[in-house]
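Here's the structure we're looking at; comments come further down.
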Amino acid sequence: MAKDTPPRWDRRMQQRLARGEAAALGELYDRFAALVHSLAHRVLDDDAAADQITREVFGYIWENPDAYDPRQGNMRAWVARLTQRQAVHRLRLAEATAYAETGVGSAEELEQKVRRASVAARADYIVTSMPAPLRAALELAYFQRRDYRQTAADLGVTEDEARRRLRLGLQLLSTAHTRPFEGTSPPGQGRTP
C-alpha cells in the first residue's frame with residue numbers, strides 16, 4: 001500500500017482517541033477525510049450525502065475507538081470499511097424508499113446498483129492504497145494508453161519490471177469484483193456509522 005500507516009501509529013492513535021484527545025480526532029480527520037468523502041461519494045454520487053457520511057464515520061470513530069482491531073488490518077482499511085458499509089446502507093435506504101414511493105424498479109435492480117457502487121468504491125480504494133510504483137504504471141498504461149515498453153521507458157525501469165508492476169496492479173484491482181471490504185460490522189444498528 002502506498003503510505004501504509006505503521007501499526008504503531010494505528011495503536012497510538014486508538015489509545016489517544018480512547019483517552020478522548022480531540023487533537024487525535026483532528027489528526028485522524030486530516031489524514032483520512034478525503035478518503036472517506038471520496039469513497040462515500042463514489043457509492044452515493046452526492047456531495048451532501050458524502051459530507052454526511054464523513055461526519056457519521058468520524059463521529060462513530062470518536063464514540064467507539066475500541067471498535068478498531070489492529071489484528072484485522074490497519075486503521076486506514078478500517079476507516080474505509082466503515083465508510084463503505086455506511087454508504088451502502090444509505091444507498092439501500094434511499095433506493096428502497098424511492099422504490100416504495102414510485103413502484104419503479106425491483107429488489108434485484110437495487111442489489112445490482114448497490115453491488116456496482118460497492119465494487120467501484122473498492123476499486124477506488126485499491127488504486128489509492130496500492131504502492132506508488134504500481135499505481136504509476138497503471139496510470140501510464142490505462143489512462144495515457146502506454147504499452148508496457150513505453151511505461152517502462154517513462155518510469156525508467158526495465159520492461160520486465162513494468163510488466164510485473166502492471167500484472168500485480170491488475171491482480172489487486174481484480175479483487176474489487178470478488179471481495180468486499182473485509183472486517184466485521186460495527187456493533188448495533190443505532191451505533192452504525
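Letters A, B, ... go to the chains of the C-alpha cells in the order shown; residues in each chain start at 1; ligands are counted from 1 in the same order.
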- Item | Shell of 7 Å around region 53-67 of chain A, only C-alpha atoms, local chain residues under 4 positions omitted, as a PyMOL selection string | chain A and resi 14+17-18+25+33+36-37+40+49+82-83+86-87+193
- Task: Give the answer as one residue: which of A:Leu91, A:Ala107, A:Leu166, A:Leu35 has the shortest atom-to-atom distance to Trp78 (chain A), using only C-alpha atoms?
- Result: A:Leu35
- Task: Could you pull out the residues in region 36-117 of chain A that DSSP calls alpha helix (DSSP H) from the backbone, as a PyMOL selection string?
- Result: chain A and resi 36-44+47-63+75-102+107-117
